[in-house]
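Dropping work-v2.tsv in here (TSV, C-alpha atoms):
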```tsv
chain	number	residue	atom	x	y	z
A	132	MET	CA	0.00	0.00	0.00
A	133	ASP	CA	1.36	3.38	-0.95
A	134	SER	CA	1.91	5.45	2.17
A	135	GLU	CA	1.42	8.65	0.14
A	136	SER	CA	-2.15	7.70	-0.73
A	137	ASN	CA	-3.20	8.27	2.89
A	138	VAL	CA	-1.59	11.69	3.11
A	139	GLN	CA	-3.57	14.80	2.27
A	140	LEU	CA	-1.31	17.08	0.28
A	141	THR	CA	-1.39	20.84	0.67
A	142	THR	CA	-1.81	23.09	-2.37
A	143	SER	CA	1.90	23.93	-2.40
A	144	GLU	CA	2.79	20.22	-2.22
A	145	ARG	CA	0.49	19.47	-5.16
A	146	ILE	CA	2.17	22.24	-7.15
A	147	ALA	CA	5.59	20.86	-6.17
A	148	ARG	CA	4.56	17.39	-7.32
A	149	ILE	CA	3.37	18.71	-10.68
A	150	ILE	CA	6.62	20.64	-11.13
A	151	SER	CA	8.63	17.53	-10.28
A	152	LEU	CA	6.74	15.37	-12.77
A	153	LEU	CA	6.96	17.96	-15.55
A	154	THR	CA	10.68	18.60	-15.11
A	155	ILE	CA	12.02	15.05	-15.32
A	156	SER	CA	13.56	15.61	-18.76
A	157	PRO	CA	12.15	18.67	-20.62
A	158	PHE	CA	15.48	20.49	-20.75
A	159	GLN	CA	17.19	17.55	-22.43
A	160	VAL	CA	14.41	17.65	-25.03
A	161	VAL	CA	15.00	21.37	-25.57
A	162	VAL	CA	18.70	20.62	-26.10
A	163	TYR	CA	18.28	18.05	-28.84
A	164	LEU	CA	15.50	20.00	-30.54
A	165	ALA	CA	17.55	23.21	-30.54
A	166	PHE	CA	20.68	21.42	-31.70
A	167	ALA	CA	18.81	19.62	-34.49
A	168	ASP	CA	17.45	22.95	-35.67
A	169	VAL	CA	20.97	24.22	-36.43
A	170	ILE	CA	22.34	20.87	-37.62
A	171	CYS	CA	19.66	20.03	-40.19
A	172	SER	CA	18.81	21.86	-43.39
A	173	ASN	CA	15.26	20.59	-43.91
A	174	LEU	CA	12.29	19.26	-41.97
A	175	LEU	CA	12.81	15.62	-42.94
A	176	GLU	CA	16.40	15.62	-41.65
A	177	GLU	CA	15.25	17.31	-38.46
A	178	MET	CA	12.43	14.82	-37.88
A	179	LEU	CA	14.76	11.86	-38.37
A	180	LEU	CA	17.43	13.23	-36.04
A	181	ASN	CA	14.88	14.18	-33.39
A	182	THR	CA	13.33	10.72	-33.55
A	183	ILE	CA	16.74	9.16	-32.91
A	184	SER	CA	17.48	11.62	-30.09
A	185	GLY	CA	14.04	11.11	-28.58
A	186	THR	CA	14.64	7.37	-28.48
A	187	PHE	CA	17.85	7.78	-26.49
A	188	TYR	CA	16.82	10.75	-24.33
A	189	LEU	CA	13.16	9.93	-23.67
A	190	VAL	CA	12.11	6.37	-24.50
A	191	ILE	CA	15.09	4.43	-23.12
A	192	PRO	CA	15.44	6.47	-19.88
A	193	PHE	CA	11.69	6.36	-19.20
A	194	LEU	CA	11.35	2.57	-19.44
A	195	PRO	CA	13.11	1.82	-16.12
A	196	LEU	CA	11.57	4.97	-14.61
A	197	ILE	CA	8.06	3.77	-15.40
A	198	TYR	CA	8.86	0.28	-14.12
A	199	ILE	CA	10.24	1.55	-10.81
A	200	THR	CA	7.49	4.13	-10.21
A	201	ARG	CA	4.76	1.57	-10.84
A	202	LYS	CA	6.44	-1.11	-8.75
A	203	LYS	CA	7.00	1.23	-5.80
A	204	ARG	CA	3.86	3.34	-6.43
A	205	ILE	CA	5.94	6.51	-6.45
A	206	LYS	CA	4.01	9.73	-7.02
A	207	ASN	CA	6.46	12.55	-6.49
A	208	ALA	CA	9.09	11.57	-9.09
A	209	SER	CA	11.51	10.66	-6.32
A	210	ILE	CA	13.24	7.35	-6.98
A	211	PRO	CA	14.64	5.81	-3.77
A	212	ARG	CA	18.42	5.78	-3.69
A	213	GLU	CA	18.60	1.98	-3.63
A	214	ASP	CA	16.52	1.75	-6.84
A	215	ARG	CA	18.62	4.19	-8.83
A	216	PHE	CA	21.20	1.65	-9.96
A	217	LEU	CA	18.93	0.17	-12.65
A	218	LEU	CA	17.74	3.60	-13.76
A	219	LEU	CA	21.22	5.09	-14.12
A	220	LEU	CA	22.76	1.96	-15.63
A	221	ILE	CA	20.20	1.75	-18.43
A	222	GLN	CA	20.55	5.47	-19.09
A	223	ILE	CA	24.34	5.19	-19.29
A	224	ILE	CA	24.14	2.25	-21.70
A	225	GLY	CA	21.63	4.17	-23.80
A	226	PHE	CA	23.77	7.32	-23.91
A	227	ILE	CA	26.85	5.31	-24.88
A	228	GLY	CA	24.80	3.95	-27.77
A	229	ALA	CA	23.69	7.47	-28.65
A	230	SER	CA	27.32	8.63	-28.65
A	231	PHE	CA	28.20	6.00	-31.25
A	232	VAL	CA	25.21	7.00	-33.38
A	233	TYR	CA	26.12	10.70	-33.25
A	234	TYR	CA	29.77	9.88	-33.98
A	235	PHE	CA	28.95	7.98	-37.17
A	236	TYR	CA	25.94	10.10	-38.17
A	237	PRO	CA	28.04	12.48	-40.33
A	238	VAL	CA	29.33	9.48	-42.28
A	239	TRP	CA	25.81	8.18	-42.86
A	240	THR	CA	24.08	11.49	-43.61
A	241	GLY	CA	26.70	14.20	-44.10
A	242	LEU	CA	25.29	16.19	-41.16
A	243	ASN	CA	27.63	17.50	-38.48
A	244	THR	CA	26.28	16.22	-35.16
A	245	GLU	CA	29.33	17.26	-33.12
A	246	ILE	CA	27.39	19.35	-30.60
A	247	LEU	CA	24.99	16.47	-29.93
A	248	LEU	CA	27.94	14.10	-29.56
A	249	ILE	CA	29.71	16.40	-27.09
A	250	PHE	CA	26.59	16.88	-24.99
A	251	THR	CA	25.89	13.15	-24.95
A	252	ILE	CA	29.45	12.33	-23.93
A	253	GLY	CA	29.18	14.86	-21.10
A	254	TYR	CA	25.77	13.57	-20.09
A	255	THR	CA	27.09	10.00	-20.03
A	256	ILE	CA	29.96	11.06	-17.78
A	257	LEU	CA	27.52	12.96	-15.57
A	258	ASN	CA	25.28	9.93	-15.12
A	259	ALA	CA	28.29	7.71	-14.43
A	260	ILE	CA	29.40	10.10	-11.68
A	261	CYS	CA	25.87	10.10	-10.25
A	262	LEU	CA	25.91	6.30	-10.26
A	263	VAL	CA	29.17	6.25	-8.28
A	264	ILE	CA	27.85	8.88	-5.86
A	265	THR	CA	24.56	7.04	-5.41
A	266	ILE	CA	25.88	3.51	-5.03
A	267	GLY	CA	29.40	4.07	-3.76
A	268	LEU	CA	28.87	7.05	-1.47
A	269	LYS	CA	25.21	6.23	-0.75
A	270	TYR	CA	24.31	9.86	-1.41
A	271	LYS	CA	21.02	10.73	-3.12
A	272	ILE	CA	22.12	13.60	-5.33
A	273	SER	CA	19.27	15.35	-7.15
A	274	LEU	CA	18.96	13.97	-10.69
A	275	HIS	CA	16.34	16.62	-11.43
A	276	MET	CA	18.97	19.28	-10.85
A	277	THR	CA	21.82	17.51	-12.68
A	278	GLY	CA	19.55	17.00	-15.70
A	279	ALA	CA	18.30	20.58	-15.76
A	280	THR	CA	21.57	22.43	-15.16
A	281	SER	CA	23.62	20.21	-17.49
A	282	SER	CA	21.17	20.76	-20.34
A	283	ILE	CA	20.91	24.51	-19.79
A	284	THR	CA	24.70	24.79	-19.60
A	285	ALA	CA	24.99	22.99	-22.94
A	286	LEU	CA	22.60	25.50	-24.51
A	287	VAL	CA	24.60	28.40	-23.08
A	288	MET	CA	27.90	26.92	-24.30
A	289	VAL	CA	26.58	26.51	-27.86
A	290	PHE	CA	24.22	29.48	-28.30
A	291	GLY	CA	25.39	31.97	-25.70
A	292	TRP	CA	24.03	33.58	-22.55
A	293	GLN	CA	20.68	34.45	-24.13
A	294	TRP	CA	19.70	30.95	-22.97
A	295	GLY	CA	20.87	31.66	-19.44
A	296	PHE	CA	17.39	32.73	-18.31
A	297	LEU	CA	16.50	29.02	-18.17
A	298	TYR	CA	18.59	28.73	-15.01
A	299	LEU	CA	15.74	30.56	-13.26
A	300	PHE	CA	13.64	27.42	-13.65
A	301	CYS	CA	16.18	25.58	-11.49
A	302	ILE	CA	15.09	27.66	-8.51
A	303	LEU	CA	11.54	26.40	-9.01
A	304	ILE	CA	12.69	22.81	-9.43
A	305	GLY	CA	14.89	22.99	-6.35
A	306	TRP	CA	11.99	24.39	-4.32
A	307	ALA	CA	9.73	21.57	-5.49
A	308	ARG	CA	12.22	18.85	-4.57
A	309	LEU	CA	12.71	20.36	-1.12
A	310	LYS	CA	8.98	20.88	-0.61
A	311	LEU	CA	8.32	17.19	-1.27
A	312	HIS	CA	11.19	16.19	1.03
A	313	ALA	CA	12.64	14.29	-1.92
A	314	HIS	CA	16.09	15.76	-1.23
A	315	THR	CA	18.03	17.73	1.32
A	316	ARG	CA	19.30	21.20	0.49
A	317	SER	CA	22.83	19.87	0.01
A	318	GLN	CA	21.60	17.23	-2.45
A	319	VAL	CA	19.85	19.89	-4.52
A	320	ILE	CA	22.83	22.24	-4.47
A	321	SER	CA	25.36	19.50	-5.25
A	322	GLY	CA	23.22	18.29	-8.17
A	323	THR	CA	23.05	21.85	-9.51
A	324	ILE	CA	26.81	22.37	-9.31
A	325	LEU	CA	27.73	18.94	-10.67
A	326	GLY	CA	25.52	19.32	-13.74
A	327	ILE	CA	27.07	22.67	-14.61
A	328	ILE	CA	30.68	21.65	-14.01
A	329	VAL	CA	30.62	18.37	-15.95
A	330	ILE	CA	29.05	19.85	-19.09
A	331	LEU	CA	31.18	23.01	-18.85
A	332	LEU	CA	34.37	20.94	-18.70
A	333	THR	CA	33.19	18.61	-21.47
A	334	PHE	CA	32.41	21.39	-23.95
A	335	THR	CA	35.55	23.30	-22.97
A	336	SER	CA	37.69	20.21	-23.62
A	337	PHE	CA	36.25	20.08	-27.15
A	338	GLY	CA	37.15	23.70	-27.82
A	339	PHE	CA	33.95	25.58	-26.99
```
Represent the structure contained in this file as structure tokens.
Amino acid sequence: MDSESNVQLTTSERIARIISLLTISPFQVVVYLAFADVICSNLLEEMLLNTISGTFYLVIPFLPLIYITRKKRIKNASIPREDRFLLLLIQIIGFIGASFVYYFYPVWTGLNTEILLIFTIGYTILNAICLVITIGLKYKISLHMTGATSSITALVMVFGWQWGFLYLFCILIGWARLKLHAHTRSQVISGTILGIIVILLTFTSFGF
């Protein structure tokens, strides 16, 4: 029986839950849509590339997420630390596959997918670090924050600081995670910093 089902949520907690559910991966979607827009020269190319990216950034990551949330009857998008191994492992495997696809995509299509490749490499490293932190250090770092800040940082690195306003959404996400008691303040802050640093270093190492 889900313990949450017997708890009457306040209005602010309901809002926090909605924010948490809606911000699982929207910024990653914005990244691959924005990148595809500058990579592709026509709608067909863009649709094909976005379908491939959507498979790796939405479909594959959501399969274990759906399994775990249904099994544990989770309602606030907060995966218990002990259940994160499967989630992160499948995501890492999927992103490694995506990296290979983006690496060879110019050979297959003639399109330069370097920015997608760099982001995916950085995102793979980020998830691997989160896996080590979660399993090795037994620390429940906020994946909402790592996902949001890493994606926004990638947009800033490629397009400039006009995309920096998206960081404001991180305040809202952080509030929601704290409101639901899904994380401590240090877990939210560390997730924010880690997401920025890993993607910043990854893009910088490739010359951005």
inquiry  = Here is a test: counting only C-alpha atoms, which residue of A:Val319, A:Ile197, A:Leu189, A:Leu220 is nearest to Lys271 of chain A?
reply    = A:Val319
message = My list of candidates is A:Phe290, A:Phe226, A:Phe296, A:Trp306. Which is closest to Glu144 of chain A when distances are computed with all atoms listed in the file?
response = A:Trp306
Considering all atoms listed in the file, give me a table of residues in segment 177-280 of chain A that are at most 8 Å from segment 158-171 of chain A, with the closest atom pair and distance in Å for each, as JSON lines.
```
{"residue": "A:Glu177", "atom": "CA", "partner": "A:Cys171", "partner_atom": "CA", "distance": 5.5}
{"residue": "A:Leu180", "atom": "CA", "partner": "A:Ala167", "partner_atom": "CA", "distance": 6.7}
{"residue": "A:Asn181", "atom": "CA", "partner": "A:Leu164", "partner_atom": "CA", "distance": 6.5}
{"residue": "A:Ser184", "atom": "CA", "partner": "A:Tyr163", "partner_atom": "CA", "distance": 6.6}
{"residue": "A:Gly185", "atom": "CA", "partner": "A:Val160", "partner_atom": "CA", "distance": 7.5}
{"residue": "A:Tyr188", "atom": "CA", "partner": "A:Gln159", "partner_atom": "CA", "distance": 7.1}
{"residue": "A:Leu189", "atom": "CA", "partner": "A:Val160", "partner_atom": "CA", "distance": 7.9}
{"residue": "A:Leu242", "atom": "CA", "partner": "A:Ile170", "partner_atom": "CA", "distance": 6.6}
{"residue": "A:Asn243", "atom": "CA", "partner": "A:Ile170", "partner_atom": "CA", "distance": 6.3}
{"residue": "A:Thr244", "atom": "CA", "partner": "A:Ile170", "partner_atom": "CA", "distance": 6.6}
{"residue": "A:Ile246", "atom": "CA", "partner": "A:Phe166", "partner_atom": "CA", "distance": 7.1}
{"residue": "A:Leu247", "atom": "CA", "partner": "A:Phe166", "partner_atom": "CA", "distance": 6.8}
{"residue": "A:Gly278", "atom": "CA", "partner": "A:Gln159", "partner_atom": "CA", "distance": 7.2}
{"residue": "A:Ala279", "atom": "CA", "partner": "A:Phe158", "partner_atom": "CA", "distance": 5.7}
```
Same residues, C-alpha atoms, output as a CSV table (one decimal), in the frame of the given file:
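Result saved to again27.csv:
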```csv
chain,number,residue,atom,x,y,z
A,177,GLU,CA,15.2,17.3,-38.5
A,180,LEU,CA,17.4,13.2,-36.0
A,181,ASN,CA,14.9,14.2,-33.4
A,184,SER,CA,17.5,11.6,-30.1
A,185,GLY,CA,14.0,11.1,-28.6
A,188,TYR,CA,16.8,10.8,-24.3
A,189,LEU,CA,13.2,9.9,-23.7
A,242,LEU,CA,25.3,16.2,-41.2
A,243,ASN,CA,27.6,17.5,-38.5
A,244,THR,CA,26.3,16.2,-35.2
A,246,ILE,CA,27.4,19.4,-30.6
A,247,LEU,CA,25.0,16.5,-29.9
A,278,GLY,CA,19.6,17.0,-15.7
A,279,ALA,CA,18.3,20.6,-15.8
```
request  = Would you mind listing what lies within 12 Å of Leu309 of chain A as a ChimeraX atom specification, with all atoms listed in the file counted and same-chain residues fewer than 4 positions away left out?
outcome  = /A:143-144,147-148,150-151,207,209,273,275-276,302-305,313-320
inquiry  = So the first atom is atom CA of Cys261 of chain A and the second is atom CA of Trp294 of chain A; what is the distance between them in Å, to one decimal place?
reply    =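 Computing it gives 25.2 Å between the two atoms.
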ask   = Hey, what's within 12 Å of Val190 of chain A if we count all atoms listed in the file and toss same-chain stuff fewer than 3 positions away? As a PyMOL selection string, please?
value = chain A and resi 156+160+182-187+193-197+221-222+225-226
query = Between A:Gly322, A:Pro211, A:Gly295, A:Pro192, which is the closest to Leu257 of chain A once you count all atoms listed in the file?
reply =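 Of A:Gly322, A:Pro211, A:Gly295, A:Pro192, the one nearest Leu257 of chain A is A:Gly322, counting all atoms listed in the file.
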request  = Just give me the gap between atom CA of Ile252 of chain A and atom CA of Ile227 of chain A in Å, one decimal is fine.
outcome  =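 According to the coordinates, atom CA of Ile252 of chain A and atom CA of Ile227 of chain A are separated by 7.5 Å.
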request  = Counting all atoms listed in the file, write as a ChimeraX atom specification all protein and nucleic acid residues lying at most 12 Å from (30.2, 8.7, -11.7) in the file's frame.
outcome  = /A:216,219-220,223,253-268,270,272,325-326,329
request  = Can you work out the spacing between atom CA of Ser172 of chain A and atom CA of Leu297 of chain A in Å, to one decimal?
outcome  =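 Computing it gives 26.3 Å between the two atoms.
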Quick one: residues within 6 Å of (26.3, 13.1, -33.5) (file frame), counting all atoms listed in the file, please, as a short mmCIF file (atom, residue, chain, number, x, y, z; two decimals) with C-alpha atoms, in the coordinates of the input.
```cif
data_model
loop_
_atom_site.label_atom_id
_atom_site.label_comp_id
_atom_site.auth_asym_id
_atom_site.auth_seq_id
_atom_site.Cartn_x
_atom_site.Cartn_y
_atom_site.Cartn_z
CA TYR A 233 26.12 10.70 -33.25
CA TYR A 234 29.77 9.88 -33.98
CA TYR A 236 25.94 10.10 -38.17
CA THR A 244 26.28 16.22 -35.16
CA GLU A 245 29.33 17.26 -33.12
CA LEU A 247 24.99 16.47 -29.93
CA LEU A 248 27.94 14.10 -29.56
#
```
